file start_30.txt (compact mmCIF, C-alpha atoms)
# COMPACT_ATOMS: atom_id res chain seq x y z
CA MET R 2 34.96 87.92 73.78
CA THR R 3 31.72 86.16 72.97
CA ASP R 4 31.07 82.53 73.90
CA PRO R 5 33.12 79.90 72.05
CA THR R 6 31.85 79.11 68.57
CA SER R 7 31.84 75.82 66.70
CA LEU R 8 34.66 74.97 64.36
CA ALA R 9 32.26 74.83 61.43
CA ASP R 10 30.94 78.34 62.18
CA ALA R 11 34.46 79.72 62.65
CA VAL R 12 35.50 78.40 59.24
CA ARG R 13 32.29 79.69 57.59
CA THR R 14 32.82 83.13 59.12
CA HIS R 15 36.50 83.61 58.43
CA VAL R 16 37.35 81.55 55.33
CA ARG R 17 36.15 81.78 51.74
CA PRO R 18 37.80 81.13 48.37
CA GLY R 19 40.87 83.33 48.06
CA THR R 20 41.51 83.57 51.83
CA ARG R 21 45.10 83.35 53.05
CA VAL R 22 44.95 80.92 55.99
CA TYR R 23 47.66 80.25 58.58
CA LEU R 24 47.28 76.76 60.02
CA GLY R 25 49.36 76.46 63.20
CA ASN R 26 51.25 75.16 65.03
CA PHE R 27 54.77 73.96 64.32
CA GLY R 28 54.65 71.40 67.13
CA ALA R 29 51.09 70.11 66.63
CA GLN R 30 49.13 70.15 63.39
CA LEU R 31 45.55 71.43 63.38
CA PHE R 32 44.04 68.53 61.47
CA SER R 33 40.56 69.48 62.71
CA VAL R 34 40.69 72.83 60.91
CA GLY R 35 42.13 71.39 57.73
CA HIS R 36 39.48 68.69 57.61
CA GLU R 37 36.73 71.26 58.11
CA LEU R 38 38.07 73.28 55.18
CA ILE R 39 37.73 70.12 53.08
CA ARG R 40 34.24 69.29 54.36
CA GLN R 41 32.98 72.78 53.51
CA GLY R 42 34.18 72.37 49.96
CA LEU R 43 36.52 75.36 50.09
CA HIS R 44 38.97 75.89 47.25
CA ASP R 45 41.56 78.37 45.95
CA LEU R 46 42.94 78.95 49.44
CA ASP R 47 46.47 80.14 50.17
CA ALA R 48 47.86 78.03 53.02
CA VAL R 49 50.57 79.34 55.34
CA ILE R 50 51.88 76.44 57.40
CA ALA R 51 55.37 76.06 58.83
CA SER R 52 55.01 72.41 59.76
CA GLY R 53 53.29 71.25 56.58
CA GLY R 54 53.50 67.54 57.24
CA LEU R 55 50.56 65.35 56.42
CA LEU R 56 48.03 68.14 56.93
CA LEU R 57 49.42 70.01 53.93
CA ASP R 58 49.57 66.72 52.04
CA GLN R 59 45.85 66.17 52.68
CA LEU R 60 44.88 69.69 51.61
CA LEU R 61 46.84 69.24 48.41
CA GLY R 62 45.20 65.89 47.72
CA ALA R 63 41.73 67.33 48.34
CA ARG R 64 42.47 70.20 45.93
CA VAL R 65 41.72 72.90 48.48
CA LEU R 66 44.75 75.08 47.72
CA ARG R 67 45.95 77.40 45.00
CA SER R 68 49.21 78.10 46.87
CA ALA R 69 51.16 76.89 49.90
CA THR R 70 53.85 78.73 51.85
CA PHE R 71 55.46 76.11 54.07
CA GLY R 72 58.52 74.88 55.89
CA HIS R 73 58.27 71.21 55.00
CA CYS R 74 55.85 68.54 53.84
CA TRP R 75 56.75 65.06 55.05
CA SER R 76 55.55 62.17 57.19
CA PRO R 77 57.07 62.38 60.69
CA VAL R 78 56.68 58.64 61.22
CA GLY R 79 58.21 57.63 57.82
CA PRO R 80 59.77 56.15 55.93
CA ALA R 81 56.77 56.73 53.63
CA PRO R 82 56.70 60.18 52.02
CA ALA R 83 53.82 62.66 51.83
CA TRP R 84 52.43 61.07 48.68
CA ASN R 85 50.17 63.86 47.38
CA PHE R 86 52.97 66.39 47.78
CA ARG R 87 55.38 64.07 45.97
CA ARG R 88 52.96 63.49 43.11
CA LEU R 89 52.45 67.23 42.70
CA ALA R 90 56.16 68.08 42.87
CA GLU R 91 57.24 65.30 40.51
CA SER R 92 54.49 65.99 37.97
CA GLY R 93 55.67 69.57 37.42
CA ALA R 94 52.03 70.44 36.77
CA GLY R 95 52.24 73.77 38.57
CA THR R 96 48.59 73.57 39.62
CA VAL R 97 49.53 74.81 43.11
CA GLU R 98 52.15 77.51 43.74
CA LEU R 99 54.70 76.14 46.20
CA HIS R 100 56.77 78.53 48.34
CA GLU R 101 59.20 76.60 50.53
CA LEU R 102 60.88 78.60 53.31
CA SER R 103 63.28 77.57 56.03
CA LEU R 104 61.83 78.09 59.50
CA GLY R 105 64.09 81.12 59.88
CA LEU R 106 62.81 82.65 56.64
CA PHE R 107 59.24 81.73 57.58
CA SER R 108 59.51 83.41 60.99
CA SER R 109 61.18 86.46 59.48
CA ALA R 110 58.37 86.81 56.93
CA LEU R 111 55.81 86.73 59.75
CA THR R 112 57.88 89.22 61.75
CA ALA R 113 57.75 91.64 58.82
CA GLY R 114 54.00 91.13 58.59
CA ALA R 115 53.56 91.76 62.31
CA HIS R 116 55.56 95.01 62.04
CA GLY R 117 53.65 96.18 58.98
CA VAL R 118 56.74 96.43 56.77
CA PRO R 119 57.02 94.91 53.28
CA PHE R 120 60.09 92.76 53.94
CA LEU R 121 62.78 91.86 56.47
CA PRO R 122 66.56 91.42 55.98
CA VAL R 123 67.65 87.79 56.28
CA ALA R 124 70.74 85.68 55.81
CA GLY R 125 71.29 84.96 52.11
CA LEU R 126 71.79 81.17 52.56
CA PRO R 127 74.18 80.85 49.59
CA GLY R 128 74.75 77.33 48.32
CA THR R 129 71.24 76.19 49.26
CA GLY R 130 68.18 75.69 47.11
CA TYR R 131 66.57 78.70 48.73
CA ALA R 132 69.13 80.98 47.10
CA ASP R 133 70.31 78.97 44.09
CA GLU R 134 67.13 77.21 42.93
CA ASP R 135 64.42 79.64 44.11
CA TRP R 136 62.65 77.15 46.35
CA THR R 137 60.81 80.13 47.85
CA GLY R 138 59.12 80.89 44.53
CA GLY R 139 60.04 84.56 44.43
CA ARG R 140 59.85 85.34 48.16
CA LEU R 141 63.50 86.46 48.35
CA ALA R 142 65.05 89.56 46.80
CA THR R 143 68.13 91.77 47.11
CA VAL R 144 67.73 95.34 48.36
CA ASP R 145 70.30 98.13 48.18
CA SER R 146 70.51 100.76 50.90
CA PRO R 147 73.00 103.35 52.21
CA PHE R 148 74.04 100.68 54.72
CA GLY R 149 74.79 98.06 52.09
CA SER R 150 73.01 95.37 50.08
CA THR R 151 71.11 92.54 51.73
CA THR R 152 68.80 89.64 51.02
CA VAL R 153 65.23 90.23 52.16
CA VAL R 154 62.17 88.01 52.54
CA ARG R 155 58.69 89.20 51.59
CA ALA R 156 56.31 89.92 54.50
CA GLU R 157 53.68 87.30 55.34
CA ARG R 158 50.25 88.60 56.41
CA PRO R 159 47.59 85.88 56.67
CA ASP R 160 43.96 86.93 56.44
CA VAL R 161 43.17 84.59 59.31
CA ALA R 162 45.32 82.52 61.66
CA PHE R 163 43.99 79.36 63.28
CA VAL R 164 46.16 78.80 66.35
CA HIS R 165 46.07 75.80 68.69
CA VAL R 166 46.32 76.48 72.44
CA ASP R 167 46.11 74.23 75.45
CA VAL R 168 43.78 76.44 77.50
CA VAL R 169 41.83 79.67 76.95
CA ASP R 170 39.79 81.88 79.26
CA GLU R 171 36.53 83.79 78.76
CA GLN R 172 38.47 86.86 77.55
CA GLY R 173 40.21 84.94 74.77
CA ASN R 174 43.61 84.81 76.48
CA GLY R 175 45.32 81.58 75.45
CA HIS R 176 48.19 79.54 76.85
CA LEU R 177 50.26 77.11 74.80
CA ARG R 178 52.52 74.66 76.61
CA GLY R 179 54.88 74.51 73.67
CA PRO R 180 56.69 74.47 71.45
CA LEU R 181 55.89 78.07 70.61
CA GLY R 182 57.75 78.17 67.30
CA GLU R 183 56.31 80.88 65.05
CA VAL R 184 52.86 80.94 66.70
CA PRO R 185 53.06 84.34 68.49
CA LEU R 186 54.38 85.94 65.30
CA ALA R 187 51.55 84.48 63.23
CA ALA R 188 48.95 85.80 65.68
CA GLN R 189 50.43 89.29 65.43
CA ALA R 190 50.80 89.23 61.64
CA ALA R 191 47.30 87.96 60.82
CA GLU R 192 44.29 90.20 60.24
CA ARG R 193 42.12 87.86 62.32
CA VAL R 194 42.91 85.14 64.86
CA VAL R 195 40.88 82.07 65.83
CA LEU R 196 42.08 80.13 68.87
CA VAL R 197 41.29 76.42 68.86
CA ALA R 198 41.53 75.33 72.50
CA GLU R 199 41.65 72.01 74.26
CA GLU R 200 40.01 73.45 77.39
CA VAL R 201 38.28 76.62 78.62
CA VAL R 202 39.43 77.63 82.11
CA PRO R 203 39.14 80.64 84.45
CA GLY R 204 41.27 83.67 83.69
CA GLU R 205 43.41 83.31 86.80
CA GLN R 206 44.51 79.87 85.63
CA VAL R 207 45.66 81.20 82.25
CA ARG R 208 47.48 84.08 83.92
CA ALA R 209 49.22 81.69 86.32
CA LEU R 210 50.40 79.55 83.41
CA GLY R 211 51.37 82.57 81.30
CA VAL R 212 49.50 84.19 78.41
CA THR R 213 50.89 83.12 75.04
CA ILE R 214 48.26 84.79 72.85
CA PRO R 215 46.51 87.81 74.46
CA GLY R 216 42.78 88.13 73.98
CA LEU R 217 43.13 91.55 72.35
CA LEU R 218 44.45 89.74 69.24
CA VAL R 219 41.70 87.13 69.20
CA ASP R 220 38.52 87.31 67.12
CA ALA R 221 36.99 83.93 67.94
CA VAL R 222 37.52 80.90 70.15
CA VAL R 223 36.70 77.29 69.32
CA HIS R 224 36.59 74.83 72.22
CA LEU R 225 37.56 71.51 70.67
CA PRO R 226 39.31 68.80 72.71
CA GLY R 227 41.45 66.64 70.45
CA ALA R 228 41.86 69.46 67.92
CA VAL R 229 45.19 68.23 66.56
CA ALA R 230 44.46 64.49 66.55
CA PRO R 231 45.83 62.21 65.16
CA ASP R 232 48.81 64.39 65.99
CA GLY R 233 49.63 64.81 69.67
CA THR R 234 49.98 67.79 71.96
CA ALA R 235 52.11 68.30 75.07
CA GLY R 236 50.49 67.07 78.26
CA ARG R 237 47.20 66.03 76.60
CA TYR R 238 47.49 63.09 74.23
CA ASP R 239 50.08 61.31 72.12
CA ARG R 240 50.37 61.08 68.37
CA ASP R 241 48.40 58.19 66.88
CA VAL R 242 51.24 56.54 64.98
CA ALA R 243 48.96 53.80 63.64
CA ALA R 244 46.70 56.44 62.04
CA TYR R 245 49.72 58.05 60.38
CA GLU R 246 50.87 54.68 59.06
CA ARG R 247 47.38 53.85 57.77
CA TYR R 248 47.20 57.19 55.96
CA ALA R 249 50.64 56.65 54.40
CA GLU R 250 49.60 53.25 53.08
CA LEU R 251 46.27 54.39 51.64
CA SER R 252 47.53 57.67 50.15
CA ARG R 253 50.21 55.82 48.20
CA THR R 254 47.81 56.00 45.23
CA PRO R 255 45.26 58.68 44.26
CA GLU R 256 42.49 56.06 44.55
CA GLY R 257 43.62 55.10 48.04
CA PHE R 258 43.72 58.73 49.09
CA ARG R 259 40.15 59.25 47.89
CA GLN R 260 39.11 56.21 49.92
CA TRP R 261 40.81 57.61 53.02
CA LEU R 262 39.26 61.05 52.43
CA ALA R 263 35.74 59.64 52.13
CA GLY R 264 35.99 57.53 55.26
CA GLU R 265 38.08 59.68 57.60
CA VAL R 266 37.11 63.26 56.67
CA LEU R 267 33.97 63.63 54.57
CA ALA R 268 31.97 61.15 56.65
CA ALA R 269 33.22 62.45 60.01
CA GLU R 270 31.18 64.49 62.47
CA VAL R 271 32.86 67.14 64.60
CA ALA R 272 31.71 68.04 68.09
CA SER R 273 31.14 71.75 68.62
call {"tool": "encode", "arguments": {"input": "start_30.txt", "output": "structure tokens"}}
result
Amino acid sequence: MTDPTSLADAVRTHVRPGTRVYLGNFGAQLFSVGHELIRQGLHDLDAVIASGGLLLDQLLGARVLRSATFGHCWSPVGPAPAWNFRRLAESGAGTVELHELSLGLFSSALTAGAHGVPFLPVAGLPGTGYADEDWTGGRLATVDSPFGSTTVVRAERPDVAFVHVDVVDEQGNGHLRGPLGEVPLAAQAAERVVLVAEEVVPGEQVRALGVTIPGLLVDAVVHLPGAVAPDGTAGRYDRDVAAYERYAELSRTPEGFRQWLAGEVLAAEVAS
């Protein structure tokens, strides 16, 4: 591993229009990465994000994406919705391809990607919108084999995965306190992996805690305390509920969202 790089340089190196970007993690959203994508004026990206939440809502509002493969998009502090997502879904404009997967389907798609196979057998989920209304947008199919017919989910292989970890060492070995969710699968499925770490520590400390993402999978490390703020992360800092509520109020209208974007993202400076 080389020395940690800045978030801005990591995004410039690994993301360009047309890149398929995994934005982890299920338990803590990488707002810092999403905001840097916006600041760099990137567009036509394909987002892969299990815990879409308000990060996905912001990327949609900033018109960064051409598609999103996600588990959900909602405000965890409610009762306000994710307004940009709602406006897009209700408009029927189809300007962004939406592929909604259950967490089980999402993890299975990443498992297939990690194994280098085109799909993975999954439960059919009859009686749900995944099966009956094609919420996945074509990600499910039926395959016949000598062993019987089964529903399968298309493999997910991000071009780059941005993964949040609590600590990382000089060899790129990262430890995540939890929840792990789909994170190890995403790191194995992606072509490239960027760890965004709260702290850089000696290797023996990471080994004592347990290696979640081994350095042999890692292409770059960003040392960025507060990487998921205003979300929270286990053992470091709590979610800023007031910031979530302020965003929900402003993003209620497109004009309010643009005001929030200008003040909270475009004008912000990020420490390297």
call {"tool": "closest_residue", "arguments": {"input": "start_30.txt", "among": "R:Ala230, R:Ala198, R:Ala187, R:Cys74", "to": "His36 of chain R", "atoms": "only C-alpha atoms"}}
result
R:Ala230
call {"tool": "atom_distance", "arguments": {"input": "start_30.txt", "atom1": "atom CA of Ser33 of chain R", "atom2": "atom CA of Val184 of chain R"}}
result
17.3 Å
call {"tool": "atom_distance", "arguments": {"input": "start_30.txt", "atom1": "atom CA of Val34 of chain R", "atom2": "atom CA of Leu57 of chain R"}}
result
11.5 Å
call {"tool": "closest_residue", "arguments": {"input": "start_30.txt", "among": "R:Arg140, R:Arg155, R:Arg64, R:Arg253", "to": "Pro119 of chain R", "atoms": "all atoms listed in the file"}}
result
R:Arg155
call {"tool": "closest_residue", "arguments": {"input": "start_30.txt", "among": "R:Thr70, R:Thr129, R:Thr137, R:Gln260", "to": "Arg21 of chain R", "atoms": "only C-alpha atoms"}}
result
R:Thr70
call {"tool": "atom_distance", "arguments": {"input": "start_30.txt", "atom1": "atom CA of Ala81 of chain R", "atom2": "atom CA of Thr254 of chain R"}}
result
12.3 Å
call {"tool": "closest_residue", "arguments": {"input": "start_30.txt", "among": "R:Arg40, R:Ser52, R:Ala11, R:Ala115", "to": "Gly264 of chain R", "atoms": "only C-alpha atoms"}}
result
R:Arg40
call {"tool": "closest_residue", "arguments": {"input": "start_30.txt", "among": "R:Val161, R:Thr143, R:Leu31, R:Ala9", "to": "Pro226 of chain R", "atoms": "all atoms listed in the file"}}
result
R:Leu31
call {"tool": "residues_around", "arguments": {"input": "start_30.txt", "residues": "segment 169-172 of chain R", "least_positions_apart": "5", "cutoff": "6 Å", "atoms": "all atoms listed in the file", "output": "VMD selection string"}}
result
chain R and resid 2 201 to 204 216
call {"tool": "residues_near_point", "arguments": {"input": "start_30.txt", "point": "(58.3, 73.7, 60.5)", "cutoff": "10 Å", "atoms": "all atoms listed in the file", "output": "number ranges by chain"}}
result
R: 25-28, 50-54, 71-74, 102-105, 107-108, 182-183
call {"tool": "closest_residue", "arguments": {"input": "start_30.txt", "among": "R:Ala209, R:Ala269, R:Val12, R:Leu218", "to": "Gly42 of chain R", "atoms": "all atoms listed in the file"}}
result
R:Val12
